[in-house]
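Some notes on the structure that comes next.
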4 protein chains.
Amino acid sequence: MFTTPKPSDSLPDRSIYERRESIVRSYARSMPRQFNRAEGVWMHDDQGGRYLDFLSGCSTLNYGHNHPILKQALLDYIAADGIAHGLDLHTDAKQAFLDTFEQVILKPRDLDYRVMFTGPTGTNAVEAAIKLARKVTGREMVIAFTNGFHGMTLGALACTGNATKRGGAGVPLSHVSHEPYDGYYGPDVDTADLLEQRLADPSSGLDAPAAILVETVQGEGGLNAASPEWLRRIAEIAKAHGALLIVDDIQAGCGRTGNFFSFEDMGFTPDIVTMAKSLSGMGLPFALTLLKPEHDQWLPGEHNGTFRGNNHAFVTATAALRHFWSTDGFAADVRRRSDLLGSRLQRIADTYGFGMRGRGMMRGINVESGDLASAVTSACFDDGLIIETSGAHDEVIKVLAPLVIDDAVLSAGLDILETRIRDAMGADHAANQAIAAE
Amino acid sequence: MFTTPKPSDSLPDRSIYERRESIVRSYARSMPRQFNRAEGVWMHDDQGGRYLDFLSGCSTLNYGHNHPILKQALLDYIAADGIAHGLDLHTDAKQAFLDTFEQVILKPRDLDYRVMFTGPTGTNAVEAAIKLARKVTGREMVIAFTNGFHGMTLGALACTGNATKRGGAGVPLSHVSHEPYDGYYGPDVDTADLLEQRLADPSSGLDAPAAILVETVQGEGGLNAASPEWLRRIAEIAKAHGALLIVDDIQAGCGRTGNFFSFEDMGFTPDIVTMAKSLSGMGLPFALTLLKPEHDQWLPGEHNGTFRGNNHAFVTATAALRHFWSTDGFAADVRRRSDLLGSRLQRIADTYGFGMRGRGMMRGINVESGDLASAVTSACFDDGLIIETSGAHDEVIKVLAPLVIDDAVLSAGLDILETRIRDAMGADHAANQAIAAE
Amino acid sequence: MFTTPKPSDSLPDRSIYERRESIVRSYARSMPRQFNRAEGVWMHDDQGGRYLDFLSGCSTLNYGHNHPILKQALLDYIAADGIAHGLDLHTDAKQAFLDTFEQVILKPRDLDYRVMFTGPTGTNAVEAAIKLARKVTGREMVIAFTNGFHGMTLGALACTGNATKRGGAGVPLSHVSHEPYDGYYGPDVDTADLLEQRLADPSSGLDAPAAILVETVQGEGGLNAASPEWLRRIAEIAKAHGALLIVDDIQAGCGRTGNFFSFEDMGFTPDIVTMAKSLSGMGLPFALTLLKPEHDQWLPGEHNGTFRGNNHAFVTATAALRHFWSTDGFAADVRRRSDLLGSRLQRIADTYGFGMRGRGMMRGINVESGDLASAVTSACFDDGLIIETSGAHDEVIKVLAPLVIDDAVLSAGLDILETRIRDAMGADHAANQAIAAE
Amino acid sequence: MFTTPKPSDSLPDRSIYERRESIVRSYARSMPRQFNRAEGVWMHDDQGGRYLDFLSGCSTLNYGHNHPILKQALLDYIAADGIAHGLDLHTDAKQAFLDTFEQVILKPRDLDYRVMFTGPTGTNAVEAAIKLARKVTGREMVIAFTNGFHGMTLGALACTGNATKRGGAGVPLSHVSHEPYDGYYGPDVDTADLLEQRLADPSSGLDAPAAILVETVQGEGGLNAASPEWLRRIAEIAKAHGALLIVDDIQAGCGRTGNFFSFEDMGFTPDIVTMAKSLSGMGLPFALTLLKPEHDQWLPGEHNGTFRGNNHAFVTATAALRHFWSTDGFAADVRRRSDLLGSRLQRIADTYGFGMRGRGMMRGINVESGDLASAVTSACFDDGLIIETSGAHDEVIKVLAPLVIDDAVLSAGLDILETRIRDAMGADHAANQAIAAE
């Protein structure tokens, strides 16, 4: 099933990367292979290696690599000289996407959003969202949360918690206040209460917010999953204080948590939703910002960009929506598989007194040490499993398998993970168990 | 040659756009058609209309729509299940791009740059560039220029001159000072002198800059083309004052001015170059930031993003570099055609006492009135010519034809433009001529 | 004892204020008299009224109005043509102040501070303090606290919590984060823990601070008094995270809490202390910033100002230090009187289930309603007692009597306060008592 | 006339300054004496030295030191227990000041301003002014000028040009753009034209300003005097673009240029005027912001401060207004003396090919070298003349004598200056003259 030939002396010359690619590169460091082909849950390297993908482009490949239906739709479109690039002109591909999004996603959920095609990156969708919230409210300050991750451009970066990323700005990041996320101060402190108190207090120093920007599960920040109750409170607080509620569903959306949107069935409706990653279904750059019609107060072109709307992505996104979301089958299957994943991870975590994090198909194990997590994921990679970490200290081993993964393959991947955790914990844990048993 | 059926009552239902697309859309307003196919210099709408493209996706389609060589390379790649998305992992497609970029672009020009794959939008490349300049210099202020356009995310937007775009921020845009571009105060004032005086004066209030960010031709700002002398002065000033020189070559690069980079043969080398738009050759989202090895001081992942590197774009970009830039033929042809365009536009401009703007295949006529320019481009569109305006008041009619256009087709397009300007000027101009002749 | 003639029809013309004084004026609204003379604890108006001063210029007149010793020193100095203004030149008056401050204040407390003579306002001392902390640490963010008050100029205002004051800025106030003060979330939440957790978390979004700026008692923010334990924790946190600890002792210093500095005997030493208000002893504008020699990294004149150092204030401040602080008698007397004040206020507060706030001679009663507090202080004023409110909602009635007040006069003033609270609570409270008794 | 004993070995111990005064001190470095008495134009040190004051506290002592009439008024006030400090309560002293200011200053000049008593420093008056302009206009950006000096607190510092002062902030200074002052680019460039062009251009990157903040003569920035024509243009530009015109008259006001306000008779009326320095007449801390009634949109207490209004300063300021400004005699005398000063300085300047700067009694010689200027002023001090430099490179020797100086004493001081310039230029200049004569 897994083939992982070790790098040999006869490898092709790879010096071009040292010579010509900026050292800012990151994933290529922990997965030092050259990949050349991928389908479904598998990636192949140019030495004949085959890897199971538990990373999925950080949730960009929820439907796997090169899904045959999406792939065929794209091949047909290109072959027919479909518009590849047309700025924001109307195209058949755009109309098909909008029609499908309305029919398959919005109507069944009784959601009334307009779609803003931003530049095709998540950070651009976030920038558009906070711009709009500031414009609509006439306020400047945005509330984001500890461990939140929203992008690398200056507006989105100000909303991001990570100190290394923030440090890259080279200027102070302003007009944002980071408040504690659900559970940040432990189970006894309701951080929604804290936020509410400060916003209600005219002397707290916390300015009236234009928006509250929140992820329902913090994909980069350690797979912290907020409770529906807390999220509902945050939605109420936003409303009470005249702020727009922005749900950044870039990583948690598109089915990752078991529904198309991660906030479905929670009893609140965000004012703005940002989407990207798995939206195109095939990994193509594509992002959008959903907004309520009453907030659609943009001037024409007030936020623009060359690649807003990517017609190839319209095509694959439309195919994905039709194939996976026209009926409830796929979502139900994801939820069933989520339970499988959850119970399996919980069992592993319990063995070592670790905590499981996340929800749906967006889960991980907090092994409480970045070094340990890194040792485990590195060992997994040696076994042909692509898996990464998350969290402030990279202490959470994160399972982001494609949602379409077979149960058996999922199990095989989790077997590797379980083994490698056992190996890493081995000596110490056996010793501890022995002591505990005395 | 041109077929432009008027919208009829039997048009398909287009209400989806009103209902579901944000009013922020812009180009679709002045070109209210639904396009469904394009090849070379032609776009087709779903009513059988055929349009000559003098906009080229704002210089994103320098090689035309769906160039057959690029298209075939992409079809082959997708059909073979080539990696579509792999975060920033090494792939065959990435290596091929880097190898080709080194061999075809860097080496012949004796340029030693590293390539940073940013998020696939120009604004992201600019954000990365100014971050890096701030990091390398430890300074915060960036000098940009009047009428400069660099993107819509908060860091790049602060560098953009346009008041409407800036107003969209909803927060004050800081850490940037806009200085007058070449010729801004007319031919008698050397704005490089002004800048130098202020930077040399410790009491001018202009803080020491991290970077000077400049376009050699201002694509959105009115097709102002800086002189080589002025640009060289700016490069010297940057060096003398410890600032990095960033050339934003997003619109003017990739052959638009007759060379791959717009600053070739000018006697200076930028510290950083930002590229996007025509880089993929087929209109796919792709951007990069070129930087000198000594400035490659990033931490791994310090500026990251889901779609940094777009493998489909690697494939088409590589094909484009090989096809168009392996020999001098294409560039020479572009330069020859630029002269054609230039002399023709100059003649039209002279007829009415207007000024020609720009250089290379990036030129226009300043008709000194946004209303006039809009009337002309709108009339051109009725004749099947897609053409847009530029400038602070949209007063410059901008010709951005694909570089691969046949001379005859170029002439046919310019015929339409000339006719429509004559029509618009008609009565008034005849009257003026008569008065002048008395 | 108190004489408070009501305004009569024969009052002198006061229309000049309406005509020529900006409506920004505040205290003159709640105390609409024209004062012309004051000595000790008494103020006199021009209609023969006499008022007991429980406001003391917001703790600027700790030694009362026109203390005879200070007054005589100033008269002698002026009569002898002592330097009134000399920029920051050395003068006999400055040397005498520095000598005395060293001998009487620093040495006995084993404190090694240098004195920076800032512009003669508290806000200027705060601006100097945060500038220095930013310079010394190379960081930009300052931590201030909920309900903190530090001044009205832009740097100090960013540290101030009050929304109305902040709103006056007209620009976003940046580079400061407001954290919850001691007790802000009630007795069960240790806010020092919260702060420590966020600073230790590299993904919290809270940037590394240049300084932590704290008042030991929040004079404007509702007379919240931090516990010594909490302040010690804050000092430890500052040290652990490389931030300078700034104690803003502008209102709480100069004996108000029973010692010269409000943080004495608490087991920590601030890196920087700001002082103003009662420093001159006679109400003259005077402020200074105390800093540790190792942090004295200013360039000459890097923070300057016309009135830095006010020689008249040097004279009165020197006289005050010698008279009140050369022995322990005054401080002991203040502490004794503080107990008297405390037990009396506690008794009043208990009667109505209110809470007492503050410590030393800086106490008040939280009547939990701004309207009620205002009604009480207004009624007190009718009885000849000058008294004001504090807090986010002006809900704390604040007693800031001169420290030199006679016990009998203090009691007489408190009698008025007690009576007026009883009157205001009257009907309601009687009713409530009756219900409670059933 | 001048007595300047050199420091001897038997000097009193001055080590307190090294030990206890921050190294931020500045003037005390170039004038290392201890002063103990001053009257009129003379300062005395504690070793019997007597110095002629050509600095006047940077124009804070326009009426000289301890003017007998002002001094007596203050002595009487203090002796009678006049209110020294009363926050912003109404007092006899305040009313007298307002009445006098209205009668003596505003009415004769037909000016309709309201008076805002800010904290008693120039920087506070500037902070209040720009806050108000931002509030009234709803805009954030303020235009200030090259070489402008407006204060050290963060809002005013952002408006200040000097790089060393700006560097002290430790944070980027935002929301201000520095534009070239009159003559900044030499006589051939009208900088008002440049400003107008950029403000009229929606793509210049210069945001719409809340205010234009200007000094009519730049006291710290090199005694640059703007022409009435330029100032009128600036006033027109402000009006045309919806910005408030703020004249910072802190150094140039109170008679320094020959009228009470420096902008009188120029054909425009500022919207806001800031005043401080010589306002009290005796060097006491006092500042105010004048504003038009229609802009008096403050909330009560929105900008407040402990020492707003300084009653001692009200007393001396009132006496000064009455004595010096009730008739035209003083102003006429100042103008006459200004001509004397001007012709004398021009002659000295001409001798060496230097330029004279400034106007009224606010003039200097640009010796084009900070080292030379410093050598001259230092030599003057040895002769008993207190004189300082100004300008970006401290290259302007600045004469700021008290306005009340006798002609003979003024001449005596200028004799010293002339001699010391001749000494410093001596050898070089003789050589140059010889060469020129060949």
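In the structure tokens, chains take the letters A, B, ... in the order shown, each chain's residues start at 1, and ligands count up from 1 in the order shown.
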
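Using only C-alpha atoms, the part of chain D that sits within 6 Å of chain B is made up of Thr146, Asn147, Gly161, Asn162, Ala163, Ser174, His178, Pro202, Ser203, Ser204, Gly205 and Ala392 of chain D.
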
Among stretch 275-415 of chain A, which ones does DSSP place in alpha helix (DSSP H), written as number ranges by chain? A: 311-325, 329-351, 370-382, 407-415

Preceding selection exported with C-alpha atoms as an mmCIF file, in the first residue's frame:
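The file below, out.cif, is the result:
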data_model
loop_
_atom_site.group_PDB
_atom_site.id
_atom_site.type_symbol
_atom_site.label_atom_id
_atom_site.label_comp_id
_atom_site.auth_asym_id
_atom_site.auth_seq_id
_atom_site.Cartn_x
_atom_site.Cartn_y
_atom_site.Cartn_z
ATOM 1 C CA ASN A 311 -12.777 30.557 -14.256
ATOM 2 C CA HIS A 312 -11.018 27.199 -14.075
ATOM 3 C CA ALA A 313 -11.932 27.145 -10.417
ATOM 4 C CA PHE A 314 -15.536 28.075 -11.211
ATOM 5 C CA VAL A 315 -15.707 24.959 -13.352
ATOM 6 C CA THR A 316 -14.304 22.550 -10.802
ATOM 7 C CA ALA A 317 -16.163 24.199 -7.920
ATOM 8 C CA THR A 318 -19.442 23.859 -9.789
ATOM 9 C CA ALA A 319 -18.739 20.200 -10.521
ATOM 10 C CA ALA A 320 -17.860 19.634 -6.859
ATOM 11 C CA LEU A 321 -20.993 21.321 -5.554
ATOM 12 C CA ARG A 322 -23.170 19.292 -7.900
ATOM 13 C CA HIS A 323 -21.450 16.007 -7.225
ATOM 14 C CA PHE A 324 -21.008 16.179 -3.474
ATOM 15 C CA TRP A 325 -23.646 18.572 -2.183
ATOM 16 C CA GLY A 329 -25.296 11.516 1.132
ATOM 17 C CA PHE A 330 -21.815 12.929 1.157
ATOM 18 C CA ALA A 331 -22.287 14.986 4.314
ATOM 19 C CA ALA A 332 -23.814 12.021 6.096
ATOM 20 C CA ASP A 333 -20.887 9.877 5.048
ATOM 21 C CA VAL A 334 -18.428 12.501 6.314
ATOM 22 C CA ARG A 335 -20.193 12.652 9.659
ATOM 23 C CA ARG A 336 -20.157 8.886 9.958
ATOM 24 C CA ARG A 337 -16.460 8.834 9.117
ATOM 25 C CA SER A 338 -15.834 11.682 11.557
ATOM 26 C CA ASP A 339 -17.150 9.515 14.352
ATOM 27 C CA LEU A 340 -14.844 6.740 13.284
ATOM 28 C CA LEU A 341 -11.901 9.122 13.281
ATOM 29 C CA GLY A 342 -12.937 10.652 16.571
ATOM 30 C CA SER A 343 -13.282 7.415 18.474
ATOM 31 C CA ARG A 344 -10.036 6.092 17.107
ATOM 32 C CA LEU A 345 -8.101 9.266 17.987
ATOM 33 C CA GLN A 346 -9.742 9.467 21.391
ATOM 34 C CA ARG A 347 -8.588 5.953 22.143
ATOM 35 C CA ILE A 348 -5.022 6.760 21.168
ATOM 36 C CA ALA A 349 -5.092 9.992 23.149
ATOM 37 C CA ASP A 350 -6.529 8.294 26.218
ATOM 38 C CA THR A 351 -3.768 5.737 26.199
ATOM 39 C CA GLY A 370 6.320 20.300 19.646
ATOM 40 C CA ASP A 371 9.391 18.081 19.656
ATOM 41 C CA LEU A 372 7.353 14.976 20.297
ATOM 42 C CA ALA A 373 4.794 15.903 17.666
ATOM 43 C CA SER A 374 7.514 16.581 15.157
ATOM 44 C CA ALA A 375 9.242 13.288 15.916
ATOM 45 C CA VAL A 376 5.985 11.429 15.380
ATOM 46 C CA THR A 377 5.033 13.121 12.119
ATOM 47 C CA SER A 378 8.547 12.712 10.790
ATOM 48 C CA ALA A 379 8.453 8.984 11.589
ATOM 49 C CA CYS A 380 5.029 8.714 9.964
ATOM 50 C CA PHE A 381 6.433 10.282 6.825
ATOM 51 C CA ASP A 382 9.115 7.593 6.758
ATOM 52 C CA ASP A 407 -12.602 3.756 5.847
ATOM 53 C CA ALA A 408 -9.979 1.062 5.374
ATOM 54 C CA VAL A 409 -7.372 3.506 4.133
ATOM 55 C CA LEU A 410 -8.170 5.893 6.935
ATOM 56 C CA SER A 411 -7.632 3.052 9.374
ATOM 57 C CA ALA A 412 -4.364 2.086 7.754
ATOM 58 C CA GLY A 413 -3.135 5.655 8.106
ATOM 59 C CA LEU A 414 -4.237 5.820 11.716
ATOM 60 C CA ASP A 415 -2.440 2.537 12.339
#

Give me the residues near C:Ile83 as a tab-separated table (two decimals) with all heavy atoms, in the first residue's frame, where near means some atom within 9 Å (using only C-alpha atoms) and where sequence neighbours in that chain fewer than 2 positions away do not count.
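File part_11.tsv, as written:
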chain	number	residue	atom	x	y	z
C	77	TYR	N	10.91	84.13	46.77
C	77	TYR	CA	11.65	83.83	45.54
C	77	TYR	C	11.33	84.85	44.44
C	77	TYR	O	12.22	85.38	43.78
C	77	TYR	CB	11.28	82.42	45.08
C	77	TYR	CG	12.07	81.93	43.88
C	77	TYR	CD1	13.38	81.45	44.04
C	77	TYR	CD2	11.52	81.94	42.61
C	77	TYR	CE1	14.10	81.00	42.94
C	77	TYR	CE2	12.24	81.49	41.52
C	77	TYR	CZ	13.54	81.01	41.68
C	77	TYR	OH	14.26	80.56	40.60
C	78	ILE	N	10.03	85.12	44.30
C	78	ILE	CA	9.63	86.07	43.26
C	78	ILE	C	10.14	87.47	43.58
C	78	ILE	O	10.67	88.17	42.71
C	78	ILE	CB	8.09	86.07	43.10
C	78	ILE	CG1	7.60	84.70	42.65
C	78	ILE	CG2	7.66	87.14	42.09
C	78	ILE	CD1	6.08	84.55	42.65
C	81	ASP	N	13.53	88.29	42.51
C	81	ASP	CA	13.80	88.09	41.08
C	81	ASP	C	14.44	86.75	40.79
C	81	ASP	O	15.31	86.61	39.90
C	81	ASP	CB	14.68	89.23	40.52
C	81	ASP	CG	13.88	90.50	40.25
C	81	ASP	OD1	12.67	90.38	39.95
C	81	ASP	OD2	14.46	91.58	40.35
C	85	HIS	N	11.63	81.48	34.55
C	85	HIS	CA	11.70	80.57	33.41
C	85	HIS	C	13.12	80.52	32.87
C	85	HIS	O	13.70	81.55	32.58
C	85	HIS	CB	10.77	81.05	32.30
C	85	HIS	CG	10.82	80.19	31.08
C	85	HIS	ND1	10.03	79.08	30.95
C	85	HIS	CD2	11.60	80.24	29.98
C	85	HIS	CE1	10.31	78.48	29.80
C	85	HIS	NE2	11.27	79.16	29.19
C	86	GLY	N	13.66	79.36	32.73
C	86	GLY	CA	15.01	79.25	32.19
C	86	GLY	C	15.19	78.00	31.35
C	86	GLY	O	16.24	77.39	31.40
C	91	THR	N	19.57	76.05	37.76
C	91	THR	CA	19.27	77.19	38.61
C	91	THR	C	19.41	76.76	40.07
C	91	THR	O	19.35	75.56	40.37
C	91	THR	CB	17.82	77.70	38.40
C	91	THR	OG1	16.92	76.66	38.79
C	91	THR	CG2	17.56	78.10	36.95
C	92	ASP	N	19.56	77.74	40.92
C	92	ASP	CA	19.59	77.43	42.35
C	92	ASP	C	18.34	76.65	42.76
C	92	ASP	O	18.40	75.72	43.56
C	92	ASP	CB	19.66	78.72	43.17
C	92	ASP	CG	21.09	79.26	43.25
C	92	ASP	OD1	21.98	78.71	42.56
C	92	ASP	OD2	21.29	80.25	43.98
C	93	ALA	N	17.20	77.05	42.21
C	93	ALA	CA	15.95	76.41	42.59
C	93	ALA	C	15.92	74.96	42.16
C	93	ALA	O	15.43	74.08	42.88
C	93	ALA	CB	14.77	77.17	41.97
C	311	ASN	N	10.45	76.75	37.58
C	311	ASN	CA	11.23	77.14	38.76
C	311	ASN	C	10.38	77.52	39.96
C	311	ASN	O	10.75	77.23	41.09
C	311	ASN	CB	12.22	78.24	38.39
C	311	ASN	CG	13.48	77.70	37.73
C	311	ASN	OD1	14.42	77.31	38.42
C	311	ASN	ND2	13.48	77.62	36.41
C	312	HIS	N	9.25	78.18	39.71
C	312	HIS	CA	8.36	78.47	40.85
C	312	HIS	C	7.95	77.17	41.53
C	312	HIS	O	7.88	77.10	42.76
C	312	HIS	CB	7.12	79.23	40.36
C	312	HIS	CG	7.39	80.67	40.03
C	312	HIS	ND1	6.40	81.59	39.79
C	312	HIS	CD2	8.55	81.37	39.91
C	312	HIS	CE1	6.92	82.77	39.52
C	312	HIS	NE2	8.23	82.66	39.58
D	35	PHE	N	22.25	79.55	37.32
D	35	PHE	CA	21.63	80.87	37.36
D	35	PHE	C	20.77	81.00	38.62
D	35	PHE	O	20.19	80.02	39.09
D	35	PHE	CB	20.79	81.09	36.10
D	35	PHE	CG	21.62	81.07	34.85
D	35	PHE	CD1	21.81	79.89	34.14
D	35	PHE	CD2	22.28	82.22	34.42
D	35	PHE	CE1	22.60	79.87	33.00
D	35	PHE	CE2	23.07	82.20	33.27
D	35	PHE	CZ	23.24	81.02	32.57
D	36	ASN	N	20.72	82.23	39.13
D	36	ASN	CA	19.94	82.37	40.37
D	36	ASN	C	19.05	83.61	40.39
D	36	ASN	O	18.28	83.78	41.33
D	36	ASN	CB	20.86	82.34	41.60
D	36	ASN	CG	21.82	83.51	41.61
D	36	ASN	OD1	21.82	84.35	40.69
D	36	ASN	ND2	22.66	83.58	42.64
D	37	ARG	N	19.15	84.43	39.37
D	37	ARG	CA	18.39	85.67	39.42
D	37	ARG	C	18.31	86.23	38.00
D	37	ARG	O	19.22	85.99	37.19
D	37	ARG	CB	19.11	86.68	40.33
D	37	ARG	CG	18.30	87.90	40.73
D	37	ARG	CD	18.93	88.59	41.95
D	37	ARG	NE	20.33	88.96	41.71
D	37	ARG	CZ	20.73	90.07	41.06
D	37	ARG	NH1	19.82	90.93	40.61
D	37	ARG	NH2	22.01	90.33	40.88
D	38	ALA	N	17.23	86.92	37.71
D	38	ALA	CA	17.11	87.50	36.38
D	38	ALA	C	16.14	88.66	36.44
D	38	ALA	O	15.16	88.63	37.19
D	38	ALA	CB	16.60	86.45	35.39
D	39	GLU	N	16.43	89.69	35.66
D	39	GLU	CA	15.44	90.77	35.53
D	39	GLU	C	15.66	91.42	34.17
D	39	GLU	O	16.79	91.59	33.73
D	39	GLU	CB	15.53	91.78	36.69
D	39	GLU	CG	16.55	92.87	36.55
D	39	GLU	CD	17.98	92.34	36.69
D	39	GLU	OE1	18.25	91.60	37.64
D	39	GLU	OE2	18.80	92.64	35.79
D	43	MET	N	20.41	87.83	32.90
D	43	MET	CA	20.41	86.68	33.82
D	43	MET	C	21.72	86.70	34.62
D	43	MET	O	22.78	87.06	34.09
D	43	MET	CB	20.35	85.36	33.03
D	43	MET	CG	19.07	85.19	32.25
D	43	MET	SD	18.92	83.51	31.54
D	43	MET	CE	18.37	82.60	32.99
D	65	HIS	N	12.65	89.11	31.72
D	65	HIS	CA	12.50	88.35	32.96
D	65	HIS	C	11.86	89.23	34.03
D	65	HIS	O	12.24	90.38	34.20
D	65	HIS	CB	13.87	87.91	33.49
D	65	HIS	CG	14.57	86.91	32.65
D	65	HIS	ND1	14.51	85.55	32.88
D	65	HIS	CD2	15.37	87.05	31.55
D	65	HIS	CE1	15.26	84.91	31.98
D	65	HIS	NE2	15.79	85.79	31.16
D	66	ASN	N	10.93	88.62	34.75
D	66	ASN	CA	10.38	89.25	35.96
D	66	ASN	C	10.02	90.72	35.76
D	66	ASN	O	10.40	91.58	36.56
D	66	ASN	CB	11.40	89.11	37.11
D	66	ASN	CG	11.52	87.68	37.59
D	66	ASN	OD1	10.51	87.00	37.77
D	66	ASN	ND2	12.74	87.20	37.78

All residues 8 Å or closer to C:Leu385, only C-alpha atoms, same chain fewer than 5 positions away omitted, as a ChimeraX atom specification: /C:51-54,380,413,416

Could you tell me how far atom CA of C:Arg25 sits from atom CA of D:Ser262, in Å to one decimal place? 27.4 Å
